>>> print(open('protein-v8.cif').read())   # mmCIF, C-alpha atoms and all ligand atoms
data_input
loop_
_atom_site.label_atom_id
_atom_site.label_comp_id
_atom_site.auth_asym_id
_atom_site.auth_seq_id
_atom_site.Cartn_x
_atom_site.Cartn_y
_atom_site.Cartn_z
CA MET A 1 117.56 131.20 154.77
CA GLU A 2 120.03 128.98 156.58
CA ARG A 3 123.36 130.63 157.32
CA GLU A 4 126.12 129.48 154.98
CA LYS A 5 128.49 127.23 156.92
CA SER A 6 132.03 128.47 157.47
CA PHE A 7 134.83 127.50 155.09
CA GLY A 8 136.40 124.66 157.08
CA THR A 9 133.01 123.09 157.74
CA ARG A 10 132.29 123.17 154.01
CA CYS A 11 135.70 121.56 153.32
CA VAL A 12 134.61 118.67 155.51
CA HIS A 13 130.90 118.40 154.67
CA ALA A 14 129.97 119.96 151.31
CA GLY A 15 129.04 117.43 148.64
CA GLU A 16 129.09 114.47 151.00
CA GLY A 17 126.29 112.16 151.98
CA HIS A 18 124.50 111.47 148.70
CA ASN A 19 124.57 107.72 148.53
CA PRO A 20 121.80 105.20 148.66
CA PHE A 21 123.33 102.78 151.19
CA GLY A 22 124.34 105.18 153.93
CA ALA A 23 128.08 104.75 153.40
CA HIS A 24 129.79 107.34 155.59
CA ALA A 25 132.57 108.06 153.08
CA THR A 26 131.49 108.87 149.53
CA PRO A 27 132.07 105.67 147.51
CA ILE A 28 134.30 105.42 144.45
CA TYR A 29 131.86 104.69 141.62
CA GLN A 30 134.40 102.83 139.54
CA THR A 31 132.24 102.34 136.46
CA SER A 32 132.45 103.42 132.84
CA THR A 33 128.76 103.45 132.09
CA PHE A 34 125.34 103.54 133.75
CA VAL A 35 122.37 101.22 133.25
CA PHE A 36 119.08 102.94 132.45
CA GLU A 37 115.77 101.87 133.94
CA SER A 38 114.02 102.16 130.60
CA ALA A 39 114.48 103.31 127.03
CA GLU A 40 112.40 106.38 127.93
CA GLN A 41 114.75 107.31 130.78
CA ALA A 42 117.77 106.85 128.51
CA ALA A 43 116.25 109.10 125.87
CA ALA A 44 115.40 111.73 128.48
CA ILE A 45 118.95 111.80 129.87
CA PHE A 46 120.43 111.98 126.37
CA SER A 47 118.14 114.87 125.54
CA GLY A 48 119.49 116.87 128.47
CA GLN A 49 117.65 115.82 131.62
CA PRO A 50 120.01 115.48 134.58
CA GLY A 51 121.40 112.00 135.07
CA TYR A 52 124.44 109.78 134.71
CA ARG A 53 125.08 108.05 131.41
CA TYR A 54 128.78 107.58 130.59
CA ILE A 55 131.88 108.51 132.56
CA ARG A 56 133.16 111.05 130.00
CA SER A 57 129.86 112.92 130.03
CA PRO A 58 129.39 115.41 132.92
CA PRO A 59 128.34 114.84 135.71
CA ASN A 60 130.52 111.75 135.04
CA THR A 61 129.82 109.65 138.16
CA PRO A 62 128.38 110.37 141.63
CA THR A 63 131.97 110.50 142.93
CA HIS A 64 132.77 113.30 140.48
CA ALA A 65 129.51 115.03 141.34
CA ALA A 66 130.38 115.02 145.05
CA PHE A 67 133.83 116.48 144.34
CA VAL A 68 132.41 119.14 142.03
CA GLU A 69 129.77 120.09 144.61
CA LYS A 70 132.45 120.48 147.27
CA ILE A 71 134.80 122.63 145.16
CA CYS A 72 131.85 124.77 143.96
CA SER A 73 130.88 125.37 147.56
CA LEU A 74 134.44 126.45 148.39
CA GLU A 75 134.95 128.67 145.33
CA GLY A 76 131.46 130.17 145.61
CA GLY A 77 130.45 128.96 142.12
CA LYS A 78 127.20 127.49 140.90
CA ALA A 79 128.58 124.74 138.68
CA GLY A 80 131.81 123.01 137.81
CA LEU A 81 133.54 120.44 135.66
CA ALA A 82 136.28 117.99 136.62
CA PHE A 83 139.17 117.36 134.22
CA SER A 84 142.06 114.95 133.86
CA SER A 85 144.56 117.77 134.50
CA GLY A 86 144.81 121.50 135.04
CA MET A 87 145.91 121.79 131.40
CA ALA A 88 142.81 119.86 130.25
CA ALA A 89 140.64 122.32 132.21
CA GLU A 90 142.38 125.27 130.54
CA THR A 91 142.16 123.65 127.09
CA ALA A 92 138.41 123.10 127.53
CA LEU A 93 138.03 126.68 128.79
CA PHE A 94 139.78 128.19 125.77
CA LEU A 95 138.17 125.87 123.20
CA SER A 96 134.71 126.50 124.64
CA LEU A 97 134.79 130.24 124.91
CA LEU A 98 137.13 131.41 122.16
CA GLU A 99 137.04 131.05 118.41
CA SER A 100 139.16 131.99 115.45
CA GLY A 101 139.45 135.79 115.25
CA ASP A 102 138.98 136.34 118.99
CA HIS A 103 141.63 137.92 121.15
CA LEU A 104 142.84 136.52 124.48
CA LEU A 105 144.69 138.81 126.88
CA SER A 106 146.76 136.89 129.42
CA THR A 107 148.99 137.61 132.38
CA ASN A 108 152.62 137.60 131.18
CA ILE A 109 154.04 135.80 134.22
CA ILE A 110 152.33 132.49 134.08
CA TYR A 111 152.64 128.74 134.54
CA GLY A 112 154.97 127.41 131.80
CA GLY A 113 152.39 124.94 130.44
CA THR A 114 149.74 127.65 130.17
CA TYR A 115 152.25 129.87 128.38
CA GLY A 116 152.94 127.05 125.89
CA LEU A 117 149.24 126.29 125.37
CA ILE A 118 148.36 129.93 124.70
CA SER A 119 151.42 130.91 122.68
CA SER A 120 151.86 127.83 120.51
CA LEU A 121 148.52 125.96 120.36
CA LEU A 122 145.77 128.60 120.46
CA THR A 123 147.58 130.70 117.88
CA LYS A 124 147.42 127.73 115.47
CA PHE A 125 143.64 128.12 115.44
CA GLY A 126 143.57 131.81 114.59
CA ILE A 127 143.15 133.09 118.13
CA GLU A 128 145.06 136.31 118.76
CA VAL A 129 146.92 136.38 122.05
CA SER A 130 148.83 138.95 124.03
CA PHE A 131 150.80 138.59 127.24
CA VAL A 132 150.49 141.69 129.37
CA ASP A 133 151.77 142.83 132.76
CA THR A 134 148.42 142.50 134.52
CA THR A 135 149.81 143.95 137.76
CA ASP A 136 149.39 147.24 135.86
CA GLN A 137 145.75 147.98 135.06
CA GLY A 138 146.81 150.73 132.65
CA GLN A 139 148.48 148.07 130.51
CA VAL A 140 145.41 145.86 130.66
CA LYS A 141 143.23 148.74 129.45
CA ALA A 142 145.70 149.73 126.73
CA ASN A 143 145.87 146.17 125.39
CA MET A 144 142.14 145.44 125.25
CA ARG A 145 140.99 145.11 121.63
CA GLU A 146 137.61 145.22 119.95
CA ASN A 147 137.73 141.42 119.69
CA THR A 148 139.03 140.67 123.21
CA ARG A 149 136.79 137.87 124.50
CA MET A 150 138.73 136.73 127.52
CA VAL A 151 141.18 138.06 130.07
CA PHE A 152 143.14 135.25 131.70
CA LEU A 153 144.82 135.99 135.03
CA GLU A 154 147.17 133.95 137.10
CA THR A 155 147.52 135.48 140.57
CA PRO A 156 149.69 135.01 142.52
CA ALA A 157 151.72 134.21 139.42
CA ASN A 158 154.19 131.44 138.93
CA PRO A 159 157.07 131.80 139.79
CA THR A 160 157.52 135.46 140.79
CA MET A 161 154.35 135.67 142.93
CA ALA A 162 153.19 138.85 141.13
CA VAL A 163 149.63 139.73 142.17
CA SER A 164 146.96 141.16 139.83
CA ASP A 165 143.79 142.96 140.93
CA ILE A 166 140.97 140.53 140.08
CA GLY A 167 138.12 142.93 140.90
CA GLU A 168 139.47 145.89 138.92
CA ILE A 169 140.55 143.85 135.91
CA GLY A 170 137.24 141.98 135.98
CA ARG A 171 135.50 145.34 135.72
CA ILE A 172 137.69 146.48 132.80
CA ALA A 173 137.01 143.19 131.00
CA ARG A 174 133.24 143.31 131.65
CA GLU A 175 133.01 146.85 130.30
CA ALA A 176 134.72 145.63 127.13
CA GLY A 177 132.38 142.63 126.83
CA ALA A 178 135.06 140.08 127.79
CA ILE A 179 134.98 137.43 130.48
CA THR A 180 137.62 137.07 133.17
CA ALA A 181 139.13 133.68 133.95
CA VAL A 182 141.48 133.17 136.88
CA ASP A 183 143.94 130.36 137.54
CA ASN A 184 143.54 129.95 141.30
CA THR A 185 146.02 127.09 141.72
CA PHE A 186 148.47 128.96 143.95
CA ALA A 187 146.05 130.62 146.38
CA THR A 188 143.27 127.96 146.38
CA PRO A 189 139.79 129.02 147.53
CA TYR A 190 141.08 128.99 151.11
CA PHE A 191 143.00 132.21 150.48
CA GLN A 192 141.28 133.69 147.44
CA GLN A 193 137.85 133.36 145.85
CA PRO A 194 138.05 135.00 142.42
CA LEU A 195 134.34 134.51 141.64
CA ARG A 196 133.43 136.55 144.71
CA LEU A 197 135.89 139.23 143.57
CA GLY A 198 134.28 139.56 140.14
CA ALA A 199 135.83 136.85 137.94
CA ASP A 200 133.53 134.77 135.72
CA VAL A 201 135.34 131.46 135.86
CA VAL A 202 138.07 129.82 137.92
CA VAL A 203 140.37 127.06 136.75
CA GLU A 204 142.65 125.14 139.01
CA SER A 205 145.14 122.32 138.86
CA CYS A 206 143.92 119.75 141.40
CA THR A 207 147.34 118.13 141.14
CA LYS A 208 148.54 120.77 143.57
CA TYR A 209 146.83 121.87 146.82
CA ILE A 210 143.39 120.38 146.10
CA GLY A 211 144.67 116.81 146.01
CA GLY A 212 147.33 118.09 148.35
CA HIS A 213 149.50 115.00 148.69
CA GLY A 214 151.40 114.92 145.40
CA ASP A 215 149.79 111.70 144.22
CA LEU A 216 147.34 112.59 141.45
CA LEU A 217 146.76 114.60 138.27
CA GLY A 218 143.54 116.59 137.91
CA GLY A 219 141.91 119.91 137.09
CA VAL A 220 138.67 121.75 137.64
CA ALA A 221 136.69 124.68 136.26
CA VAL A 222 134.07 126.48 138.36
CA GLY A 223 131.72 129.32 137.42
CA SER A 224 128.13 130.28 136.78
CA ASN A 225 125.57 127.74 135.55
CA GLU A 226 125.48 129.40 132.16
CA LEU A 227 129.21 129.54 131.62
CA ILE A 228 129.85 125.98 132.79
CA GLN A 229 126.90 124.80 130.69
CA SER A 230 128.61 126.27 127.62
CA MET A 231 131.80 124.34 128.49
CA LYS A 232 130.08 120.99 129.01
CA ARG A 233 129.85 119.80 125.44
CA PRO A 234 133.37 120.90 124.46
CA ALA A 235 134.66 119.20 127.64
CA LEU A 236 132.86 115.99 126.71
CA LEU A 237 134.16 116.16 123.14
CA ALA A 238 137.74 117.08 124.04
CA GLY A 239 137.68 114.07 126.35
CA GLY A 240 139.94 115.21 129.18
CA THR A 241 137.70 113.89 131.95
CA MET A 242 138.99 113.28 135.46
CA GLY A 243 139.27 109.62 136.46
CA THR A 244 136.98 108.39 139.23
CA HIS A 245 139.75 107.50 141.62
CA GLU A 246 141.23 110.98 141.20
CA ALA A 247 137.82 112.53 141.87
CA TRP A 248 137.67 110.57 145.11
CA LEU A 249 141.22 111.59 146.08
CA CYS A 250 140.35 115.25 145.40
CA LEU A 251 137.18 114.93 147.47
CA ARG A 252 139.25 113.52 150.31
CA GLY A 253 142.05 116.04 149.87
CA LEU A 254 139.63 118.97 150.15
CA LYS A 255 138.44 117.77 153.56
CA THR A 256 141.73 119.03 155.03
CA LEU A 257 142.36 121.98 152.68
CA HIS A 258 141.80 124.56 155.43
CA LEU A 259 144.22 122.88 157.84
CA ARG A 260 146.89 122.27 155.24
CA MET A 261 146.74 125.77 153.71
CA ALA A 262 147.00 127.46 157.11
CA ARG A 263 150.13 125.44 157.88
CA HIS A 264 151.64 125.87 154.39
CA ALA A 265 151.29 129.64 154.79
CA GLU A 266 152.62 129.71 158.34
CA ASN A 267 155.72 127.79 157.27
CA ALA A 268 156.14 129.86 154.09
CA MET A 269 156.13 133.08 156.12
CA GLN A 270 158.81 131.71 158.43
CA LEU A 271 160.95 130.57 155.51
CA ALA A 272 160.44 133.90 153.70
CA LEU A 273 161.63 135.83 156.77
CA PHE A 274 164.58 133.50 157.24
CA LEU A 275 165.66 133.84 153.60
CA GLU A 276 165.10 137.60 153.57
CA SER A 277 167.60 138.02 156.38
CA HIS A 278 170.15 135.57 154.93
CA PRO A 279 173.33 137.19 153.56
CA LYS A 280 173.50 134.82 150.56
CA VAL A 281 169.98 135.69 149.41
CA GLN A 282 169.47 138.65 147.08
CA LYS A 283 165.69 138.91 147.05
CA VAL A 284 162.63 136.98 148.26
CA ASN A 285 159.31 136.99 146.39
CA TYR A 286 156.47 136.32 148.83
CA PRO A 287 153.23 138.33 148.95
CA GLY A 288 153.36 138.36 152.75
CA LEU A 289 156.56 140.41 152.86
CA ALA A 290 156.17 144.19 153.07
CA CYS A 291 158.75 144.51 150.24
CA HIS A 292 156.49 142.59 147.79
CA PRO A 293 155.34 145.14 145.18
CA GLN A 294 151.66 144.15 145.53
CA HIS A 295 151.72 143.40 149.27
CA LEU A 296 148.77 145.71 150.00
CA LEU A 297 146.67 144.44 147.11
CA ALA A 298 147.38 140.84 148.14
CA GLY A 299 146.26 141.76 151.65
CA ARG A 300 142.97 143.07 150.28
CA GLN A 301 142.07 140.30 147.88
CA MET A 302 143.56 137.30 149.69
CA SER A 303 142.88 136.18 153.23
CA GLY A 304 146.47 134.94 153.63
CA TRP A 305 149.71 134.76 151.68
CA GLY A 306 149.85 131.15 150.56
CA GLY A 307 152.54 128.48 150.63
CA MET A 308 154.60 129.42 147.56
CA LEU A 309 157.65 131.63 147.39
CA SER A 310 160.68 132.16 145.21
CA PHE A 311 164.03 133.76 145.87
CA GLU A 312 167.16 134.86 144.11
CA ILE A 313 170.36 133.54 145.44
CA LYS A 314 173.59 135.53 145.15
CA GLY A 315 175.91 133.84 142.67
CA GLY A 316 173.23 133.00 140.09
CA VAL A 317 172.65 129.65 138.54
CA GLU A 318 175.74 127.93 139.98
CA ALA A 319 174.87 128.93 143.53
CA GLY A 320 171.27 127.82 142.99
CA ARG A 321 172.45 124.46 141.71
CA ARG A 322 174.70 123.97 144.74
CA LEU A 323 171.86 124.83 147.09
CA MET A 324 169.44 122.45 145.39
CA ASN A 325 171.98 119.65 145.39
CA ASN A 326 172.62 120.15 149.09
CA LEU A 327 169.12 120.08 150.48
CA ARG A 328 168.35 116.85 152.31
CA LEU A 329 164.80 117.12 153.66
CA CYS A 330 163.35 119.16 150.80
CA SER A 331 163.08 117.42 147.43
CA LEU A 332 164.19 118.76 144.06
CA ALA A 333 161.01 118.37 142.02
CA VAL A 334 158.51 120.28 139.92
CA SER A 335 154.84 120.49 140.89
CA LEU A 336 153.75 122.05 144.15
CA GLY A 337 151.13 122.01 146.87
CA SER A 338 152.15 118.72 148.40
CA VAL A 339 152.50 118.10 152.14
CA ASP A 340 156.29 118.01 151.76
CA THR A 341 158.57 120.85 150.68
CA LEU A 342 159.57 120.86 147.00
CA VAL A 343 162.24 123.04 145.44
CA GLU A 344 162.77 123.70 141.74
CA HIS A 345 164.67 125.94 139.31
CA PRO A 346 162.17 127.69 136.99
CA SER A 347 164.56 128.78 134.25
CA SER A 348 165.89 125.26 133.58
CA MET A 349 162.71 123.38 134.54
CA THR A 350 159.11 124.70 134.63
CA HIS A 351 159.77 127.86 132.61
CA ALA A 352 162.39 126.52 130.18
CA VAL A 353 159.66 126.77 127.49
CA MET A 354 159.82 130.59 127.68
CA PRO A 355 162.46 132.29 125.54
CA ARG A 356 165.35 133.48 127.70
CA GLU A 357 164.82 137.21 126.91
CA THR A 358 161.17 136.89 127.94
CA ARG A 359 162.13 135.18 131.20
CA GLU A 360 164.72 137.80 132.05
CA ARG A 361 162.39 140.66 131.25
CA LEU A 362 159.81 139.11 133.60
CA GLY A 363 162.22 138.63 136.49
CA ILE A 364 162.56 134.85 136.09
CA SER A 365 166.33 135.02 136.38
CA ASP A 366 168.69 132.05 136.19
CA GLY A 367 169.32 132.41 139.93
CA LEU A 368 165.64 132.18 140.88
CA VAL A 369 164.69 129.19 143.04
CA ARG A 370 161.02 128.35 143.67
CA VAL A 371 159.85 126.69 146.87
CA SER A 372 156.56 124.99 147.55
CA VAL A 373 156.67 125.04 151.33
CA GLY A 374 155.24 121.91 152.92
CA ILE A 375 153.49 121.28 156.21
CA GLU A 376 156.46 119.80 158.05
CA ASP A 377 157.57 121.43 161.31
CA ALA A 378 159.03 124.72 160.13
CA GLU A 379 162.26 124.43 162.14
CA ASP A 380 163.28 121.38 160.13
CA VAL A 381 162.64 123.09 156.80
CA LEU A 382 164.57 126.16 157.92
CA ALA A 383 167.44 124.02 159.18
CA ASP A 384 167.63 122.28 155.78
CA PHE A 385 167.88 125.64 153.99
CA GLU A 386 170.38 126.92 156.54
CA ARG A 387 172.62 123.90 155.93
CA GLY A 388 172.07 124.06 152.16
CA LEU A 389 172.98 127.75 152.02
CA GLU A 390 176.15 127.12 154.04
CA MET A 391 177.34 124.83 151.23
CA VAL A 392 176.77 127.49 148.55
C1 LIG B 1 150.35 122.83 137.60
C2 LIG B 1 149.69 124.05 137.15
C3 LIG B 1 148.86 124.05 136.02
C4 LIG B 1 148.65 122.82 135.17
O1 LIG B 1 148.06 121.79 135.87
P1 LIG B 1 148.32 120.22 135.58
O2 LIG B 1 147.42 119.58 136.58
O3 LIG B 1 149.76 119.95 135.77
O4 LIG B 1 147.88 119.99 134.17
C5 LIG B 1 148.25 125.23 135.66
N1 LIG B 1 148.45 126.36 136.36
C6 LIG B 1 149.24 126.40 137.44
C7 LIG B 1 149.41 127.69 138.17
C8 LIG B 1 149.89 125.26 137.87
O5 LIG B 1 150.69 125.31 138.94
#
>>> encode(input="protein-v8.cif", output="structure tokens")
Amino acid sequence: MEREKSFGTRCVHAGEGHNPFGAHATPIYQTSTFVFESAEQAAAIFSGQPGYRYIRSPPNTPTHAAFVEKICSLEGGKAGLAFSSGMAAETALFLSLLESGDHLLSTNIIYGGTYGLISSLLTKFGIEVSFVDTTDQGQVKANMRENTRMVFLETPANPTMAVSDIGEIGRIAREAGAITAVDNTFATPYFQQPLRLGADVVVESCTKYIGGHGDLLGGVAVGSNELIQSMKRPALLAGGTMGTHEAWLCLRGLKTLHLRMARHAENAMQLALFLESHPKVQKVNYPGLACHPQHLLAGRQMSGWGGMLSFEIKGGVEAGRRLMNNLRLCSLAVSLGSVDTLVEHPSSMTHAVMPRETRERLGISDGLVRVSVGIEDAEDVLADFERGLEMV
């Protein structure tokens, strides 16, 4: 068997080169529908033979197929589906694999949109949900129920960077007959490959590091043939398909994922160390710091620490506001994973949907500031924070 190519080579090459005219770059197949050669071929494709038919129906278009092949190669999955957003991918995941009466166990520290989807939409359809501290396997075990069908992990978690043990929790779930789904948006397959650690399915917001340039909305799900097969029809019916241009942008974004992620992480480490030693900073949450509560676990299950961090500034919400208003290079914006550095305030922005008591219990304090560290030259990012903190 041919040796599997290394990660960066797969970022560049996987999925490319399937086009009839020899175009070097994968073309954008900007078409809604496909013309069949014959009525017999049409009938065959509609009865399940592989082939393109309509853009909403996976494999959508050859541009989508190339993107899905590339991300599958990077995540180590057999099959995947491309969605119009990370939330559409999660919605299709939950609607496909859960039904009324099932129980979903989820990480308690989680992307605000996911929290809203699970807590207010799924519960409308008779799905039982619980939010559990998944950094503690004892709590995962204690909260598994007879009807638990899925364990949903976000690790590292937004915005506190808490890390859960994918392999161990995957084993607990499997023994209970549940599948494990992991939101891999923060780490990306460059730093963490949940399927190789024992998860059954990965979902990711492509809006973030996969696209990588802050100019698109997209999502993806990757897993085994069987699992993705069971999601195909619900995905088609729910209708949240990725657009072709977005598929092409994601395909292009992934070609530099390895370079971007290495630089994001290098800069994040420098910023984390700078903030940790700053007298106006109370606490820094970054898996790469020895003080992070799951530093050792992160070191085992990730190949690097990622580009996201959060920190608590002394003086709470007012101090945080002054800092954010005084940054010049870094932008005040939600979203993450872009080439430039973005700063946001979870308790008034991304996590405002969580009740205050819940936020405080989870460590999402009013003074917490989240940073998506970009790939600028680190000294300029640090200088911006240094100046901004002086004004606090
Ligand atoms: C952004 C994000 C999502 C949702 O993705 P969209 O593309 O915005 O729909 C889900 N999970 C995490 C961790 C995210 O950061």
>>> axis_aligned_box(input="protein-v8.cif", around="ligand LIG 1 (chain B)", padding_each_side="4 Å", output="JSON")
{"center_x": 149.1, "center_y": 123.6, "center_z": 136.6, "size_x": 11.3, "size_y": 16.1, "size_z": 12.8}
>>> residues_near_ligand(input="protein-v8.cif", ligand="ligand LIG 1 (chain B)", cutoff="9 Å", atoms="all atoms listed in the file", output="number ranges by chain")
A: 83-90, 110-114, 154-159, 183-186, 203-208, 216-219, 334-337
>>> closest_residue(input="protein-v8.cif", among="A:Pro234, A:Pro194, A:Gly15, A:Gly51", to="Gly76 in chain A", atoms="all atoms listed in the file")
A:Pro194
>>> residues_around(input="protein-v8.cif", residues="Thr31 in chain A", least_positions_apart="3", cutoff="8 Å", atoms="all atoms listed in the file", output="number ranges by chain")
A: 34, 55, 61
>>> write_last_selection(input="protein-v8.cif", atoms="C-alpha atoms", output="compact mmCIF listing (two decimals), in the coordinates of the input")
# COMPACT_ATOMS: atom_id res chain seq x y z
CA PHE A 34 125.34 103.54 133.75
CA ILE A 55 131.88 108.51 132.56
CA THR A 61 129.82 109.65 138.16
>>> closest_residue(input="protein-v8.cif", among="A:Val339, A:Ile109, A:Leu97, A:Ile166", to="Thr256 in chain A", atoms="all atoms listed in the file")
A:Val339
>>> closest_residue(input="protein-v8.cif", among="A:Leu121, A:Ala23, A:Ala79, A:Val343", to="Ser230 in chain A", atoms="only C-alpha atoms")
A:Ala79
>>> closest_residue(input="protein-v8.cif", among="A:Asn285, A:Arg321, A:Ala42, A:Arg171", to="Ser348 in chain A", atoms="all atoms listed in the file")
A:Arg321
>>> residues_around(input="protein-v8.cif", residues="Val35 in chain A", least_positions_apart="4", cutoff="10 Å", atoms="all atoms listed in the file", output="JSON, numbers by chain")
{"A": [42, 52, 53, 54]}
>>> residues_around(input="protein-v8.cif", residues="Leu104 in chain A", least_positions_apart="4", cutoff="12 Å", atoms="all atoms listed in the file", output="PyMOL selection string")
chain A and resi 93-95+97-100+108+118-119+122-123+126-132+140+143-153+173+178-181
>>> closest_residue(input="protein-v8.cif", among="A:Leu296, A:Val220, A:Leu236, A:Ala352", to="Gly80 in chain A", atoms="all atoms listed in the file")
A:Val220
>>> residues_around(input="protein-v8.cif", residues="Gly299 in chain A", least_positions_apart="4", cutoff="12 Å", atoms="all atoms listed in the file", output="MDAnalysis selection string")
chainID A and resid 156 163:165 191:192 286:290 292:295 303:306
>>> atom_distance(input="protein-v8.cif", atom1="CA of Gly320 in chain A", atom2="CA of Thr160 in chain A")
15.9 Å
>>> atom_distance(input="protein-v8.cif", atom1="CA of Gly138 in chain A", atom2="CA of Arg361 in chain A")
18.6 Å
